[in-house]
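Enquirer: Provided herewith is a single structure, encoded as structure tokens, for subsequent inquiry.
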Amino acid sequence: MTNEFPKDFLWGGAIAANQVEGAWNVGGKGLSVADIASYKPHVDNKDYAAHMHISTEAINEAAADQTDKWYPKRRGIDFYHHYQEDLALFAEMGFKTLRLSIAWTRLFPTGEEQEPNEEGVLFYEKVFKEMKRLNIEPIVTLSHYEMPLALSLKYNGWVARKVIDDFVRFSTVCFERFGKYVKYWLTFNEIDSIHRHPFTTAGVVPDKSKEGELEQDVYQALHHQFVASALVTKIAHEKIPGCQVGCMLTKLMTYPLTCAPIDVELTLKKNLENNFYADVQVKGEYPRMIKQDLKKRGITIKMAAEDEQILKGHTVDFVSFSYYMSMAESGNPNAERTPGNTVLGVKNPYLPSTDWGWQIDPKGLKIALIELYDRYNVPLMIVENGMGAVDRVEDGKIHDPYRIDYFKAHFRQMKEAIDEGVDLIGYTSWGPIDLVSAGTSQMTKRYGFIYVDADDEGNGTYERLKKDSFDWYKEVIATNGASLAKE
Ligand code: BG6
């Protein structure tokens, strides 16, 4: 076995518009759901649910506030004005690819305009041209937690079927205007996350649902996203010859805490539920067991006559996923719990955790790769992985051996999975440059190889500094992974 990864392996990083761009009210951009996510210094870092809690009252208060003081995603890291410098740093690391998203509200400020805002289109054209010049292949997410706030307020987001048309119009413009630069497209970031944070993912405001109907509304919104995803997959295939469209799943790997059969059964069900979303997008239909479960729970999804055919007819070309941590499951209600990526799971006694309580599990990544490849038999891409940590600047340097250890261990497991037959075509680390946290809106939860001098309140110069991990990742890419075999 060679120490190198497959030829043409896409090494790179991943960012999202709402967590990096800033310039929330520049160039005709409208408010997105991310622009009203507030930073809550009084809330425990590990309490993701409290960080993400939203109400109509909080939305109105945020929408009326014209400052970015409590809304860090309005500032991001000012990628809007720093994109050339940031892309140059990625190129210096040798990035083959960069995953980024297009802010829907830069092109369609309220989501309902019939023609795009040209200033928004122009911004992304400049970004893609620069990436082309630097030989960085874009992977573009159409929807990454940043839908127009206006659609959320007016229609309760994706609960309304008409939002499919708005999204199709936005996506069609993206394909027509950026198709010459972009071959790889992802439809919805972590489509499964709608159950964990319906507002962020789909503009669904929980207090707008009738009593007892929130779950029903969330499944309806999810169905509309599935249909929209299939429709835009069809349009991308028609408009961009040779393009590849992927789904994107939060891979929440769950293990039984013990071999007690009840632990195994509960774990199996958790994993089936986690795979349900990719099942629909790869196989083109709702799994029978999920349908049965919904029926048992009294949830009826309203489907238009053509929906089944749309889902079946336009499945994705590859599966992409995020992987940060794993957790355990147990039949014992008193089992100790720990937070993960917007989940609370049972603590696994064999695993260490990050400062935010996420359990570090490189082997879990290999297991996920094998499981997903065996289940779907299409190419896989890891489009998010990384470790949120507190970094300290000492004499202008940032020593982050913990980050290097995290990545090294994960990359080695990727290589093992590839050697065992998994078709993994790319890897983009999450937040190759520090950015605003999706869950907590913090800057101090840092993922990058590149440090950004900004704090949670937005103080700082926004200067970019290379961490120790910068050179380390650069060598991994330059040697196509062969350097991982060292020590
Ligand atoms: C993923 C999201 O779930 O996790 C990203 O797609 C997010 O947007 C990442 O940033 C890490 O989560 P957090 O809360 O640490 O930013």
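The chains in the structure tokens are called A, B, ... from first to last as shown; in each chain the residues are counted from 1, and the ligands are counted from 1 in the order shown.
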Residues near segment 152-165 of chain A, anyone? I mean within 10 Å using only C-alpha atoms, not counting same-chain ones fewer than 2 positions away, as a ChimeraX atom specification.

Expert: /A:32-33,56,59-60,110-112,147-150,167-171,198-209,216-229,231-232,302-304

Enquirer: As a PyMOL selection string, please: the residues near Glu118 of chain A (cut-off 10 Å, only C-alpha atoms, same-chain neighbours under 6 positions excluded).

Expert: chain A and resi 27-28+106-108

Enquirer: Those same residues - all heavy atoms - I'd like them written as a PDB file, in the first residue's frame.

Expert:
ATOM      1  N   GLY A  27     -24.086  46.035  -0.160  1.00  0.00           N
ATOM      2  CA  GLY A  27     -24.321  45.532  -1.521  1.00  0.00           C
ATOM      3  C   GLY A  27     -25.731  45.031  -1.753  1.00  0.00           C
ATOM      4  O   GLY A  27     -25.953  44.144  -2.578  1.00  0.00           O
ATOM      5  N   GLY A  28     -26.678  45.583  -1.005  1.00  0.00           N
ATOM      6  CA  GLY A  28     -28.084  45.220  -1.229  1.00  0.00           C
ATOM      7  C   GLY A  28     -28.501  43.931  -0.548  1.00  0.00           C
ATOM      8  O   GLY A  28     -29.606  43.429  -0.769  1.00  0.00           O
ATOM      9  N   ARG A 106     -27.870  37.639  -0.574  1.00  0.00           N
ATOM     10  CA  ARG A 106     -27.091  38.589  -1.396  1.00  0.00           C
ATOM     11  C   ARG A 106     -27.670  38.655  -2.805  1.00  0.00           C
ATOM     12  O   ARG A 106     -27.549  39.659  -3.488  1.00  0.00           O
ATOM     13  CB  ARG A 106     -25.616  38.151  -1.491  1.00  0.00           C
ATOM     14  CG  ARG A 106     -24.768  38.768  -0.452  1.00  0.00           C
ATOM     15  CD  ARG A 106     -23.300  38.700  -0.696  1.00  0.00           C
ATOM     16  NE  ARG A 106     -22.675  38.718   0.600  1.00  0.00           N
ATOM     17  CZ  ARG A 106     -22.658  39.775   1.407  1.00  0.00           C
ATOM     18  NH1 ARG A 106     -23.141  40.924   1.029  1.00  0.00           N
ATOM     19  NH2 ARG A 106     -22.111  39.691   2.596  1.00  0.00           N
ATOM     20  N   LEU A 107     -28.253  37.523  -3.209  1.00  0.00           N
ATOM     21  CA  LEU A 107     -28.815  37.469  -4.571  1.00  0.00           C
ATOM     22  C   LEU A 107     -30.303  37.835  -4.572  1.00  0.00           C
ATOM     23  O   LEU A 107     -30.786  38.514  -5.484  1.00  0.00           O
ATOM     24  CB  LEU A 107     -28.613  36.060  -5.164  1.00  0.00           C
ATOM     25  CG  LEU A 107     -27.321  35.841  -5.953  1.00  0.00           C
ATOM     26  CD1 LEU A 107     -26.090  36.217  -5.151  1.00  0.00           C
ATOM     27  CD2 LEU A 107     -27.211  34.415  -6.439  1.00  0.00           C
ATOM     28  N   PHE A 108     -31.004  37.346  -3.544  1.00  0.00           N
ATOM     29  CA  PHE A 108     -32.447  37.616  -3.436  1.00  0.00           C
ATOM     30  C   PHE A 108     -32.708  38.071  -1.994  1.00  0.00           C
ATOM     31  O   PHE A 108     -32.924  37.224  -1.110  1.00  0.00           O
ATOM     32  CB  PHE A 108     -33.251  36.352  -3.773  1.00  0.00           C
ATOM     33  CG  PHE A 108     -33.139  35.937  -5.220  1.00  0.00           C
ATOM     34  CD1 PHE A 108     -32.116  35.083  -5.631  1.00  0.00           C
ATOM     35  CD2 PHE A 108     -34.031  36.407  -6.172  1.00  0.00           C
ATOM     36  CE1 PHE A 108     -31.990  34.708  -6.962  1.00  0.00           C
ATOM     37  CE2 PHE A 108     -33.912  36.034  -7.511  1.00  0.00           C
ATOM     38  CZ  PHE A 108     -32.885  35.190  -7.912  1.00  0.00           C
TER      39      PHE A 108
END

Enquirer: Got a sec: who's within 6 Å of Tyr447 of chain A, counting only C-alpha atoms, leaving out chain neighbours fewer than 2 positions off, as a PyMOL selection string?

Expert: chain A and resi 387-388+431+434

Enquirer: As a quick test: using only C-alpha atoms and all ligand atoms, which residues lie no more than 10 Å away from ligand 1? Give them as a PyMOL selection string.

Expert: chain A and resi 14-19+45+48+51-52+144-145+188-191+193+201+248-251+321-324+340-342+356+358+383-389+430-431+435-443+445-447

Enquirer: Contacts of segment 314-319 of chain A at 6 Å or less, counting only C-alpha atoms, minus same-chain residues fewer than 2 places along, as a ChimeraX atom specification?

Expert: /A:230,234,244-247,281-282,284,311-312,378-380

Enquirer: Which residues are near Ser326 of chain A? Cut-off 9 Å, only C-alpha atoms, ignore same chain within fewer than 5 positions. Put them as a list of chain:residue names.

Expert: A:Lys251, A:Leu252, A:Met253, A:Thr254, A:Tyr255, A:Gly340, A:Gly345, A:Asn348, A:Trp358, A:Gln359, A:Ile360, A:Asp361, A:Gly364, A:Leu365
